[in-house]
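Visitor: So here's my_file.txt (compact mmCIF, C-alpha atoms and all ligand atoms).
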```
# COMPACT_ATOMS: atom_id res chain seq x y z
CA MET A 1 106.61 129.91 29.22
CA VAL A 2 106.55 128.11 25.92
CA VAL A 3 103.50 126.96 24.04
CA LYS A 4 103.66 123.37 22.85
CA ALA A 5 103.84 122.51 19.16
CA SER A 6 100.27 121.19 19.20
CA GLN A 7 99.20 124.67 20.27
CA ASP A 8 101.26 126.22 17.56
CA ASP A 9 98.44 127.40 15.37
CA PRO A 10 98.99 130.91 14.03
CA GLU A 11 95.32 131.36 13.16
CA LYS A 12 94.27 130.44 16.68
CA ALA A 13 96.95 132.75 18.06
CA ARG A 14 95.69 135.58 15.90
CA ARG A 15 92.12 135.14 17.11
CA PHE A 16 93.30 134.88 20.69
CA ARG A 17 95.38 138.03 20.41
CA GLU A 18 92.48 140.00 19.03
CA ALA A 19 90.06 138.70 21.63
CA ALA A 20 92.17 138.64 24.77
CA LEU A 21 95.04 141.10 24.55
CA PRO A 22 92.85 144.22 24.66
CA TYR A 23 92.05 143.22 28.26
CA LEU A 24 95.65 142.96 29.40
CA ASP A 25 95.57 146.21 31.36
CA ASP A 26 92.26 145.21 32.97
CA ALA A 27 93.62 141.81 33.94
CA TYR A 28 96.76 143.38 35.34
CA THR A 29 94.69 145.88 37.32
CA LEU A 30 92.58 143.11 38.83
CA ALA A 31 95.68 141.09 39.71
CA ARG A 32 97.30 144.13 41.36
CA TYR A 33 94.28 144.59 43.60
CA LEU A 34 93.87 140.90 44.38
CA LEU A 35 97.53 140.21 45.13
CA ARG A 36 98.68 143.68 46.20
CA ASP A 37 102.11 143.03 44.74
CA ALA A 38 103.39 144.13 41.33
CA ALA A 39 105.68 141.15 40.62
CA ASP A 40 103.10 138.57 41.73
CA ALA A 41 100.46 140.31 39.64
CA GLU A 42 102.66 140.13 36.59
CA ASP A 43 103.28 136.40 37.09
CA ALA A 44 99.59 135.75 37.66
CA VAL A 45 98.51 137.56 34.51
CA GLN A 46 101.10 135.75 32.44
CA GLU A 47 99.88 132.42 33.80
CA CYS A 48 96.28 133.48 33.20
CA TYR A 49 96.92 134.25 29.52
CA LEU A 50 98.78 131.00 29.05
CA ARG A 51 95.88 129.04 30.53
CA ALA A 52 93.36 131.07 28.59
CA TYR A 53 95.18 130.33 25.35
CA LYS A 54 95.22 126.62 26.14
CA HIS A 55 91.49 126.63 26.72
CA PHE A 56 90.68 129.06 23.96
CA ASP A 57 89.43 126.27 21.66
CA SER A 58 86.62 125.54 24.08
CA TYR A 59 85.79 129.20 24.69
CA ARG A 60 82.18 129.90 23.66
CA GLY A 61 81.51 132.88 25.84
CA PRO A 62 80.54 134.55 28.12
CA ALA A 63 82.12 137.88 27.29
CA MET A 64 85.90 137.67 27.07
CA LYS A 65 86.63 139.93 30.04
CA PRO A 66 84.74 137.94 32.71
CA TRP A 67 86.02 134.71 31.19
CA LEU A 68 89.62 135.88 31.58
CA PHE A 69 88.90 137.18 35.06
CA ALA A 70 87.52 133.83 36.19
CA ILE A 71 90.78 132.20 35.10
CA LEU A 72 92.85 134.95 36.67
CA ARG A 73 90.98 134.66 39.92
CA ASN A 74 91.81 130.96 40.13
CA VAL A 75 95.46 131.70 39.50
CA CYS A 76 95.39 134.32 42.25
CA ARG A 77 93.74 131.95 44.69
CA ALA A 78 96.53 129.46 44.12
CA GLU A 79 98.90 132.28 44.97
CA TYR A 80 97.00 133.00 48.22
CA ALA A 81 97.33 129.35 49.12
CA ARG A 82 101.05 129.44 48.46
CA ARG A 83 101.45 132.54 50.64
CA LYS A 84 99.51 130.97 53.48
CA THR A 85 102.01 128.15 53.70
CA ALA A 86 104.94 130.49 53.24
CA PRO A 87 106.47 131.91 56.43
CA THR A 88 105.65 135.47 55.39
CA ALA A 89 102.04 134.68 54.57
CA VAL A 90 99.79 137.64 54.00
CA GLU A 91 96.70 137.27 56.16
CA GLU A 92 93.55 136.87 54.11
CA LEU A 93 90.06 136.28 55.36
CA PRO A 94 89.19 132.59 55.42
CA GLU A 95 86.38 131.33 53.21
CA GLY A 96 83.06 132.30 54.79
CA GLY A 97 84.63 135.51 56.03
CA ASP A 98 81.43 137.21 54.96
CA GLN A 99 79.92 136.22 58.25
CA THR A 100 82.56 137.96 60.37
CA PRO A 101 80.83 140.96 61.92
CA MET A 102 83.39 143.48 60.69
CA TRP A 103 80.84 145.78 59.20
CA ASN A 104 80.18 148.06 62.12
CA GLU A 105 76.41 147.64 61.93
CA ALA A 106 74.58 150.61 60.48
CA PRO A 107 77.01 153.18 59.05
CA GLU A 108 77.45 156.34 61.09
CA THR A 109 75.41 159.40 60.31
CA PRO A 110 76.17 160.68 56.84
CA GLU A 111 78.35 163.77 56.63
CA LYS A 112 76.78 167.15 56.16
CA GLN A 113 79.40 168.48 53.76
CA MET A 114 80.61 166.99 50.48
CA LEU A 115 83.02 164.13 50.63
CA ARG A 116 86.55 165.11 49.93
CA ARG A 117 88.19 164.18 46.63
CA PHE A 118 91.48 162.31 46.88
CA ASP A 119 94.20 161.77 44.32
CA GLY A 120 94.46 158.44 42.50
CA ASP A 121 97.16 157.04 44.78
CA THR A 122 95.10 157.65 47.90
CA VAL A 123 92.01 156.07 46.36
CA ARG A 124 94.05 153.05 45.24
CA LYS A 125 95.39 152.70 48.78
CA LEU A 126 91.90 152.83 50.30
CA VAL A 127 90.58 150.22 47.86
CA ALA A 128 93.63 147.99 48.33
CA ALA A 129 93.10 148.09 52.09
CA LEU A 130 89.64 146.48 51.84
CA ALA A 131 89.55 142.92 53.15
CA GLU A 132 88.81 140.01 50.86
CA PRO A 133 86.34 138.97 49.51
CA PHE A 134 84.94 142.52 49.56
CA ARG A 135 87.91 143.98 47.70
CA GLU A 136 87.48 141.55 44.83
CA THR A 137 83.75 142.27 44.50
CA PHE A 138 84.36 146.00 44.74
CA VAL A 139 87.11 146.07 42.10
CA LEU A 140 85.07 143.94 39.69
CA ARG A 141 82.14 146.32 40.05
CA GLU A 142 83.67 149.78 40.37
CA ILE A 143 86.90 149.51 38.44
CA GLN A 144 86.09 146.78 35.92
CA ASN A 145 82.41 147.67 35.47
CA LEU A 146 81.15 144.10 35.52
CA SER A 147 77.45 143.43 36.08
CA TYR A 148 76.33 141.59 39.23
CA ARG A 149 75.69 138.49 37.13
CA GLU A 150 79.21 138.60 35.68
CA ILE A 151 80.75 139.15 39.11
CA ALA A 152 78.76 136.18 40.42
CA ASP A 153 80.17 134.04 37.59
CA VAL A 154 83.75 135.19 38.11
CA ALA A 155 83.64 134.69 41.89
CA ALA A 156 81.48 131.53 41.66
CA VAL A 157 78.92 132.80 44.18
CA PRO A 158 75.19 133.59 43.99
CA VAL A 159 74.14 137.09 42.90
CA GLY A 160 72.73 137.70 46.39
CA THR A 161 76.20 137.22 47.83
CA VAL A 162 77.56 139.73 45.33
CA MET A 163 74.99 142.24 46.54
CA SER A 164 75.76 141.80 50.21
CA ARG A 165 79.51 141.84 49.63
CA LEU A 166 79.26 144.98 47.58
CA ALA A 167 77.12 146.69 50.23
CA ARG A 168 79.69 145.86 52.88
CA ALA A 169 82.61 146.80 50.64
CA ARG A 170 81.13 150.23 50.00
CA ALA A 171 80.27 150.72 53.68
CA MET A 172 83.85 149.81 54.64
CA LEU A 173 85.30 152.04 51.98
CA ARG A 174 83.09 154.90 53.10
CA SER A 175 84.34 154.53 56.69
CA ALA A 176 87.93 154.43 55.47
CA TRP A 177 87.27 157.44 53.26
CA LEU A 178 85.87 159.44 56.19
CA ALA A 179 88.78 158.40 58.41
CA GLU A 180 91.26 159.48 55.73
CA GLN A 181 89.40 162.76 55.38
CA GLU A 182 89.56 163.28 59.15
CA GLN A 183 93.28 162.57 59.16
CA ALA A 184 93.96 164.92 56.25
CA LYS A 185 92.36 167.82 58.14
CA MET B 1 61.03 148.71 53.80
CA THR B 2 63.42 148.98 56.73
CA CYS B 3 66.63 151.04 56.70
CA GLU B 4 68.58 147.80 57.01
CA GLU B 5 67.11 146.47 53.77
CA ALA B 6 67.44 149.81 52.06
CA GLU B 7 71.12 150.03 52.99
CA VAL B 8 71.79 146.88 50.96
CA LEU B 9 69.39 147.52 48.11
CA VAL B 10 70.51 151.10 47.59
CA HIS B 11 73.70 149.77 46.01
CA ALA B 12 71.80 147.76 43.43
CA LEU B 13 69.77 150.90 42.77
CA ILE B 14 72.92 152.95 42.19
CA ASP B 15 74.26 150.22 39.92
CA GLY B 16 71.06 150.01 37.92
CA GLU B 17 70.64 146.34 38.82
CA LEU B 18 67.22 146.52 40.48
CA ASP B 19 64.03 145.58 38.69
CA ALA B 20 61.46 148.33 38.36
CA GLY B 21 59.34 147.13 41.29
CA HIS B 22 62.18 147.01 43.80
CA ALA B 23 63.66 150.23 42.49
CA ARG B 24 60.39 152.02 43.23
CA GLU B 25 60.32 150.56 46.75
CA VAL B 26 63.85 151.70 47.52
CA GLU B 27 63.20 155.11 46.03
CA ALA B 28 60.04 155.44 48.14
CA HIS B 29 62.03 154.61 51.27
CA ILE B 30 64.72 157.10 50.40
CA GLU B 31 62.21 159.86 49.82
CA GLY B 32 60.93 159.44 53.34
CA CYS B 33 64.25 158.69 55.08
CA ALA B 34 66.86 161.43 55.36
CA HIS B 35 69.45 158.99 56.72
CA CYS B 36 69.29 156.60 53.76
CA ALA B 37 69.01 159.48 51.29
CA ALA B 38 72.20 161.07 52.63
CA LEU B 39 73.98 157.69 52.60
CA MET B 40 73.01 157.09 49.00
CA LYS B 41 74.34 160.51 48.08
CA GLU B 42 77.66 159.70 49.74
CA TYR B 43 77.94 156.37 47.98
CA GLN B 44 77.26 158.08 44.69
CA GLU B 45 79.91 160.68 45.42
CA ILE B 46 82.47 158.02 46.25
CA ARG B 47 81.52 156.14 43.13
CA GLN B 48 81.91 159.27 41.04
CA ALA B 49 85.26 160.08 42.67
CA ILE B 50 86.56 156.61 41.86
CA ALA B 51 85.33 156.77 38.28
CA GLU B 52 87.14 160.07 37.83
CA SER B 53 90.41 159.18 39.52
CA ASP B 54 93.09 157.04 38.03
CA VAL B 55 92.78 153.79 39.95
CA SER B 56 93.59 151.27 37.25
CA TYR B 57 97.06 150.05 36.39
CA LYS B 58 98.82 149.72 33.08
CA ALA B 59 100.34 146.34 32.32
CA PRO B 60 104.14 146.62 32.06
CA LEU B 61 105.45 146.36 28.52
CA GLU B 62 107.64 143.49 29.65
CA LEU B 63 104.55 141.48 30.59
CA ARG B 64 102.97 142.14 27.19
CA ARG B 65 106.20 141.10 25.55
CA LYS B 66 106.41 137.83 27.53
CA ILE B 67 102.85 136.90 26.62
CA GLU B 68 103.39 137.78 22.96
CA LYS B 69 106.53 135.69 22.92
CA ALA B 70 104.66 132.66 24.23
CA LEU B 71 102.09 132.81 21.44
CA PRO B 72 102.84 131.39 18.00
CA GLN B 73 103.98 134.20 15.76
CA GLN B 74 102.32 135.04 12.48
CA GLN B 75 105.36 136.60 10.93
CA ALA B 76 106.88 133.42 9.61
CA ALA B 77 110.57 133.07 8.89
CA PRO B 78 110.35 133.60 5.10
CA SER B 79 109.08 137.15 5.45
CA ARG B 80 111.92 137.89 7.84
CA ARG B 81 114.34 136.72 5.17
CA SER B 82 112.69 138.87 2.56
CA VAL B 83 113.23 141.80 4.90
CA LEU B 84 116.91 141.09 4.90
CA ARG B 85 116.92 140.83 1.14
CA GLY B 86 115.22 144.20 1.07
CA PHE B 87 117.93 145.56 3.28
CA ALA B 88 120.66 144.22 1.08
CA MET B 89 119.18 145.88 -1.97
CA GLY B 90 118.22 149.34 -0.83
CA SER B 91 121.18 151.60 -0.18
CA ALA B 92 119.39 153.74 2.37
CA VAL B 93 118.14 150.75 4.29
CA SER B 94 121.34 148.77 4.14
CA ALA B 95 122.74 151.23 6.67
CA MET B 96 119.87 150.34 8.95
CA ALA B 97 120.46 146.65 8.39
CA ALA B 98 124.03 147.16 9.46
CA THR B 99 122.86 148.38 12.85
CA GLY B 100 120.82 145.21 13.26
CA LEU B 101 117.41 146.75 12.88
CA ILE B 102 114.44 144.56 12.21
CA ALA B 103 111.74 145.93 10.03
CA ILE B 104 108.06 145.33 9.95
CA VAL B 105 106.85 143.93 6.67
CA LEU B 106 103.27 144.34 5.77
CA ARG B 107 101.65 141.83 3.56
CA ASN B 108 98.47 143.09 2.00
CA ASP B 109 96.25 140.67 3.87
CA ASP B 110 97.85 141.80 7.11
CA GLU B 111 96.82 145.40 6.64
CA GLN B 112 93.28 144.95 7.85
CA ARG B 113 94.41 143.00 10.90
CA ILE B 114 96.96 145.64 11.76
CA GLU B 115 94.42 148.40 11.38
CA ASN B 116 92.29 146.47 13.86
CA GLU B 117 95.21 146.31 16.26
CA VAL B 118 95.95 149.98 15.82
CA VAL B 119 92.35 150.84 16.69
CA SER B 120 92.53 148.54 19.75
CA ALA B 121 95.72 150.30 20.81
CA HIS B 122 93.99 153.65 20.34
CA LEU B 123 91.06 152.49 22.49
CA ARG B 124 93.39 151.21 25.20
CA SER B 125 95.19 154.52 25.25
CA LEU B 126 91.95 156.38 25.96
CA GLN B 127 91.49 154.66 29.31
CA ALA B 128 92.38 156.83 32.26
CA GLY B 129 96.10 157.18 32.76
CA HIS B 130 97.07 155.15 29.70
CA LEU B 131 97.42 157.82 27.07
CA ILE B 132 100.92 159.10 27.57
CA ASP B 133 104.18 157.75 28.95
CA VAL B 134 106.06 161.00 28.43
CA VAL B 135 104.02 164.13 28.89
CA SER B 136 105.35 167.10 27.02
CA THR B 137 104.32 169.64 24.46
CA ASP B 138 107.97 170.05 23.50
CA GLN B 139 109.13 167.94 20.55
CA HIS B 140 112.70 168.20 21.85
CA THR B 141 111.63 166.34 25.00
CA VAL B 142 109.38 163.75 23.37
CA LYS B 143 111.77 162.79 20.57
CA PRO B 144 114.79 161.85 22.76
CA TRP B 145 112.48 160.01 25.16
CA PHE B 146 111.94 157.35 22.46
CA ASN B 147 115.66 156.93 21.87
CA GLY B 148 116.91 153.59 23.09
CA LYS B 149 113.35 152.38 23.69
CA LEU B 150 112.70 151.57 20.06
CA ASP B 151 114.85 150.50 17.13
CA VAL B 152 113.76 153.60 15.29
CA SER B 153 112.42 156.68 17.04
CA PRO B 154 109.33 158.12 15.42
CA PRO B 155 109.58 161.65 14.07
CA VAL B 156 108.08 164.06 16.57
CA ILE B 157 106.78 167.26 15.09
CA ASP B 158 105.16 170.17 16.85
CA LEU B 159 101.99 171.06 14.98
CA THR B 160 100.57 173.48 17.53
CA ALA B 161 100.73 176.37 15.08
CA GLN B 162 98.73 174.23 12.63
CA GLY B 163 96.03 173.56 15.22
CA PHE B 164 97.15 170.17 16.51
CA THR B 165 98.72 170.24 19.96
CA LEU B 166 101.49 167.78 20.70
CA ILE B 167 100.82 166.33 24.16
CA GLY B 168 103.33 163.51 24.47
CA GLY B 169 104.48 160.05 23.47
CA ARG B 170 103.91 156.46 24.43
CA LEU B 171 105.27 153.00 23.78
CA ASP B 172 102.60 150.68 22.49
CA TYR B 173 102.32 147.18 21.13
CA VAL B 174 101.03 146.48 17.64
CA ASN B 175 101.57 143.52 15.34
CA ALA B 176 103.44 141.70 18.11
CA ARG B 177 106.02 144.46 18.33
CA GLU B 178 106.75 147.57 20.30
CA ILE B 179 105.80 150.65 18.43
CA GLY B 180 106.00 154.38 19.08
CA ALA B 181 102.87 156.48 19.39
CA VAL B 182 103.01 160.25 19.24
CA VAL B 183 99.95 161.82 20.79
CA TYR B 184 98.23 164.99 19.63
CA LYS B 185 95.05 166.73 20.57
CA ARG B 186 92.63 168.91 18.67
CA ARG B 187 89.99 170.37 20.99
CA GLN B 188 89.04 167.38 23.16
CA HIS B 189 89.86 164.82 20.46
CA VAL B 190 92.91 162.63 20.82
CA ILE B 191 94.98 161.66 17.80
CA ASN B 192 97.37 158.75 18.15
CA LEU B 193 100.03 158.71 15.48
CA PHE B 194 101.53 155.22 15.37
CA VAL B 195 104.85 154.89 13.61
CA ALA B 196 106.56 151.63 12.62
CA GLN B 197 109.58 150.88 10.53
CA THR B 198 109.14 149.09 7.22
CA ALA B 199 111.59 147.57 4.79
CA ASN B 200 109.74 149.18 1.95
CA THR B 201 111.07 152.70 1.36
CA GLU B 202 108.60 153.46 -1.38
CA ARG B 203 106.26 156.33 -0.60
CA LYS B 204 102.64 155.23 -0.28
CA PRO B 205 100.01 157.97 -0.50
CA ALA B 206 97.50 158.37 2.27
CA LYS B 207 94.42 156.20 2.56
CA VAL B 208 91.61 157.04 4.93
CA SER B 209 89.41 154.30 6.32
CA THR B 210 86.93 153.89 9.13
CA LEU B 211 86.93 151.10 11.68
CA GLN B 212 84.73 150.74 14.78
CA GLY B 213 83.77 154.38 14.51
CA PHE B 214 87.33 155.67 14.32
CA ASN B 215 89.02 157.20 11.33
CA ILE B 216 92.43 155.98 10.28
CA ARG B 217 94.74 157.81 7.92
CA ARG B 218 97.50 155.50 6.83
CA TRP B 219 100.56 156.35 4.72
CA SER B 220 104.19 155.33 4.22
CA ASP B 221 107.20 157.49 3.68
CA ARG B 222 110.93 156.93 3.73
CA GLY B 223 110.85 153.53 5.40
CA LEU B 224 108.18 154.35 7.96
CA ASN B 225 104.55 153.32 8.12
CA TYR B 226 102.16 155.79 9.75
CA TRP B 227 98.68 155.31 11.15
CA ALA B 228 96.89 158.35 12.53
CA VAL B 229 93.83 157.24 14.52
CA SER B 230 91.18 159.47 16.00
CA ASP B 231 87.50 160.06 16.51
CA LEU B 232 88.01 163.29 14.59
CA GLY B 233 86.10 163.54 11.33
CA ALA B 234 87.83 162.23 8.21
CA ASP B 235 88.31 165.80 6.94
CA GLU B 236 90.13 166.97 10.04
CA LEU B 237 92.21 163.81 10.29
CA THR B 238 93.18 164.26 6.65
CA GLU B 239 94.16 167.83 7.47
CA PHE B 240 96.30 166.53 10.33
CA GLY B 241 98.08 164.07 8.03
CA ASP B 242 98.62 166.70 5.35
CA LYS B 243 100.08 169.15 7.87
CA PHE B 244 102.30 166.43 9.29
CA GLU B 245 103.59 165.38 5.87
CA SER B 246 104.29 168.91 4.72
CA ALA B 247 106.10 169.64 8.01
CA MET B 248 108.19 166.51 7.41
CA ARG B 249 109.07 167.69 3.92
CA ALA B 250 109.96 171.15 5.26
CA ASN B 251 112.18 169.53 7.90
CA LYS B 252 113.97 167.51 5.28
CA GLU B 253 114.55 170.45 3.01
CA GLY B 254 115.43 172.79 5.87
ZN ZN A 301 66.31 154.49 55.87
```
What's the structure tokens form of this structure?
Guide:
Amino acid sequence: MVVKASQDDPEKARRFREAALPYLDDAYTLARYLLRDAADAEDAVQECYLRAYKHFDSYRGPAMKPWLFAILRNVCRAEYARRKTAPTAVEELPEGGDQTPMWNEAPETPEKQMLRRFDGDTVRKLVAALAEPFRETFVLREIQNLSYREIADVAAVPVGTVMSRLARARAMLRSAWLAEQEQAK
Amino acid sequence: MTCEEAEVLVHALIDGELDAGHAREVEAHIEGCAHCAALMKEYQEIRQAIAESDVSYKAPLELRRKIEKALPQQQAAPSRRSVLRGFAMGSAVSAMAATGLIAIVLRNDDEQRIENEVVSAHLRSLQAGHLIDVVSTDQHTVKPWFNGKLDVSPPVIDLTAQGFTLIGGRLDYVNAREIGAVVYKRRQHVINLFVAQTANTERKPAKVSTLQGFNIRRWSDRGLNYWAVSDLGADELTEFGDKFESAMRANKEG
């Protein structure tokens, strides 16, 4: 990855570093959850920063974090597409997967006792097991703390879709949480 | 409002995304519906559990390095040459030059930028799970951990007796280079002590400044630049730096 001479502007690079590099861990976290693979996540983030730098001249906002995430998401989608054609493709929900009735209607009766606390690894595993596009929405909200509006911009969907995806993501996570709790007994 | 509607809108309520009118409607439903109230409580508990557990990842240093390498560098060739000249002149540093060490040169106009970067690094480190790569209160564990990871290992000094607990060390990235950070705590306040090599062996007395609400105590001694960053008050951070410097002097004499 080499930046062309025309891009070779130290002042631009300095501004870009200051604006974008503080979000490197956040971008890497998002890529890990979207791609569920450490090496692919690393490649995707590197590609994201390269693209972001190229387009940095035209950057006028929004906030840097969602702007980077929108680029990263596109890089990750290209990676999904590549995997689908590869023999060992990871199965992802097709576009419009929202409509698949995988949310088991109304959630079961809430538990009487407190929910169990799990260690970080277990929580990561539960989140990573969520199906797309619910995982993406969930991670942007709960781990990256983006607003619904920002999530809508990153995922290029209406805010209403963000709301319904998030509701289903949390319902699915809750079921998984309770199942894990049952198993750990 | 039906339960079905409430089960979707409750999330926006939890997230503080509902306008006042809708928020009141959902709250009214929840007051009269034990099922939705219990669900909301569970969602809040899960949310709290996630916020408190370490679910984010830290970007590998190698990734940071690759991205840095792809960006045009600010440290132009001339300054690199002046470093080498510096090496050739100073007797103490010429030994370092012989081992192929590269020093960080600070131009005056770079200082502000680097202080910005140091504060960013401090902020990054405060995110869950990012503070420490090697966890130890023992200087004899932290010090060797840096060996081989950096050109020059930062001095690691136990200041527990002086009221600053050593809690570990970390590799960080400042001024487009890897840099060592030694981490201390006083009460609940974290102090990151960033240490970078410099070609200039002249001792520079401490300067305290404030940036984005953090205090920075910066000084140079025997070829190393130091930045102590913390949300501690300037007086306590100054005390930290003084204790550190006198411990360094004691080490040298002892
Ligand atoms: Zn209800």
Visitor: Pick out the residues sitting within 8 Å of Phe134 of chain A, and hand them over as a list in words; count all atoms listed in the file, and ignore anything fewer than 4 positions along from it in its own chain.
Guide: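 Contacts, in chain order: Leu130, Phe138, Arg165, Leu166, Arg168 and Ala169 of chain A.
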Visitor: I'd like the interatomic distance between atom CA of Pro66 of chain A and atom CA of Ala181 of chain B, to a tenth of an Å.
Guide: 29.2 Å
Visitor: Please return as a VMD selection string the residues found within 12 Å of ligand ZN 301 (chain A), counting all atoms listed in the file.
Guide: (chain A and resid 106 to 107 109 to 110) or (chain B and resid 1 to 10 25 to 40)
Visitor: At what distance in Å, to one decimal, does atom CA of Lys143 of chain B lie from atom CA of Pro155 of chain B?
Guide: 7.0 Å
Visitor: I'd like the interatomic distance between atom CA of Trp219 of chain B and atom CA of Lys204 of chain B, to a tenth of an Å.
Guide: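 Straight-line distance from atom CA of Trp219 of chain B to atom CA of Lys204 of chain B works out to 5.5 Å.
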Visitor: Around all listed atoms of segment 29-45 of chain B, padded 6 Å per side, what centre and edge lengths does the axis-aligned box have in Å to one decimal, as lines of an AutoDock Vina configuration file?
Guide:
```
center_x = 70.4
center_y = 158.0
center_z = 50.7
size_x = 31.0
size_y = 18.8
size_z = 24.0
```
Visitor: Counting only C-alpha atoms, which residues of chain B come no farther than 9 Å from chain A, as a ChimeraX atom specification?
Guide: /B:3-4,7-12,15,17,35-36,38-39,41-43,45-47,49-60,63-64,66-74,113,116-117,120-121,123-124
Visitor: Create the file for the chosen residues now, containing C-alpha atoms and written as a JSON list (two decimals), in the coordinates of the input.
Guide:
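Result file follows (again.json):
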```json
[["chain", "number", "residue", "atom", "x", "y", "z"],
["B", 3, "CYS", "CA", 66.63, 151.04, 56.70],
["B", 4, "GLU", "CA", 68.58, 147.80, 57.01],
["B", 7, "GLU", "CA", 71.12, 150.03, 52.99],
["B", 8, "VAL", "CA", 71.79, 146.88, 50.96],
["B", 9, "LEU", "CA", 69.39, 147.52, 48.11],
["B", 10, "VAL", "CA", 70.51, 151.10, 47.59],
["B", 11, "HIS", "CA", 73.70, 149.77, 46.01],
["B", 12, "ALA", "CA", 71.80, 147.76, 43.43],
["B", 15, "ASP", "CA", 74.26, 150.22, 39.92],
["B", 17, "GLU", "CA", 70.64, 146.34, 38.82],
["B", 35, "HIS", "CA", 69.45, 158.99, 56.72],
["B", 36, "CYS", "CA", 69.29, 156.60, 53.76],
["B", 38, "ALA", "CA", 72.20, 161.07, 52.63],
["B", 39, "LEU", "CA", 73.98, 157.69, 52.60],
["B", 41, "LYS", "CA", 74.34, 160.51, 48.08],
["B", 42, "GLU", "CA", 77.66, 159.70, 49.74],
["B", 43, "TYR", "CA", 77.94, 156.37, 47.98],
["B", 45, "GLU", "CA", 79.91, 160.68, 45.42],
["B", 46, "ILE", "CA", 82.47, 158.02, 46.25],
["B", 47, "ARG", "CA", 81.52, 156.14, 43.13],
["B", 49, "ALA", "CA", 85.26, 160.08, 42.67],
["B", 50, "ILE", "CA", 86.56, 156.61, 41.86],
["B", 51, "ALA", "CA", 85.33, 156.77, 38.28],
["B", 52, "GLU", "CA", 87.14, 160.07, 37.83],
["B", 53, "SER", "CA", 90.41, 159.18, 39.52],
["B", 54, "ASP", "CA", 93.09, 157.04, 38.03],
["B", 55, "VAL", "CA", 92.78, 153.79, 39.95],
["B", 56, "SER", "CA", 93.59, 151.27, 37.25],
["B", 57, "TYR", "CA", 97.06, 150.05, 36.39],
["B", 58, "LYS", "CA", 98.82, 149.72, 33.08],
["B", 59, "ALA", "CA", 100.34, 146.34, 32.32],
["B", 60, "PRO", "CA", 104.14, 146.62, 32.06],
["B", 63, "LEU", "CA", 104.55, 141.48, 30.59],
["B", 64, "ARG", "CA", 102.97, 142.14, 27.19],
["B", 66, "LYS", "CA", 106.41, 137.83, 27.53],
["B", 67, "ILE", "CA", 102.85, 136.90, 26.62],
["B", 68, "GLU", "CA", 103.39, 137.78, 22.96],
["B", 69, "LYS", "CA", 106.53, 135.69, 22.92],
["B", 70, "ALA", "CA", 104.66, 132.66, 24.23],
["B", 71, "LEU", "CA", 102.09, 132.81, 21.44],
["B", 72, "PRO", "CA", 102.84, 131.39, 18.00],
["B", 73, "GLN", "CA", 103.98, 134.20, 15.76],
["B", 74, "GLN", "CA", 102.32, 135.04, 12.48],
["B", 113, "ARG", "CA", 94.41, 143.00, 10.90],
["B", 116, "ASN", "CA", 92.29, 146.47, 13.86],
["B", 117, "GLU", "CA", 95.21, 146.31, 16.26],
["B", 120, "SER", "CA", 92.53, 148.54, 19.75],
["B", 121, "ALA", "CA", 95.72, 150.30, 20.81],
["B", 123, "LEU", "CA", 91.06, 152.49, 22.49],
["B", 124, "ARG", "CA", 93.39, 151.21, 25.20]]
```
Visitor: Nearest residue to Val157 of chain A out of A:Thr137, A:Arg60, A:Leu126, A:Asn74, using only C-alpha atoms?
Guide: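 Of all the options, A:Thr137 lies closest to Val157 of chain A.
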Visitor: Hey, what's within 9 Å of Gly169 of chain B if we count all atoms listed in the file and toss same-chain stuff fewer than 4 positions away? As a ChimeraX atom specification, please?
Guide: /B:131-136,142-143,145-146,156,180-184,192
Visitor: Using all atoms listed in the file, can you tell me which of B:Glu62, B:Asp19, B:Asp151, B:Asp231 comes closest to Val119 of chain B?
Guide: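 For Val119 of chain B, the nearest of the candidates is B:Asp231.
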Visitor: Neighbours of Val195 of chain B within 6 Å (only C-alpha atoms; same-chain residues fewer than 3 positions away dropped), as a ChimeraX atom specification?
Guide: /B:154,180,225-226
Visitor: Would you kindly return, as an MDAnalysis selection string, each protein, DNA or RNA residue with an atom no farther than 12 Å from any atom of Asp242 of chain B, considering only C-alpha atoms and excluding same-chain residues fewer than 5 positions away?
Guide: chainID B and resid 159 162 164 205:208 217:219 228 235:237 247:249
Visitor: Would you mind listing what lies within 10 Å of Leu232 of chain B as JSON, numbers by chain, with only C-alpha atoms counted and same-chain residues fewer than 3 positions away left out?
Guide: {"B": [185, 186, 187, 188, 189, 190, 191, 213, 214, 215, 216, 229, 235, 236, 237, 238, 240]}
Visitor: Restricting the calculation to only C-alpha atoms: of B:Val118, B:Ile14, B:Leu193, B:Ala20, which residue gets closest to Ile167 of chain B?
Guide: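 Looking at the shortest contact to Ile167 of chain B, the residue is B:Leu193.
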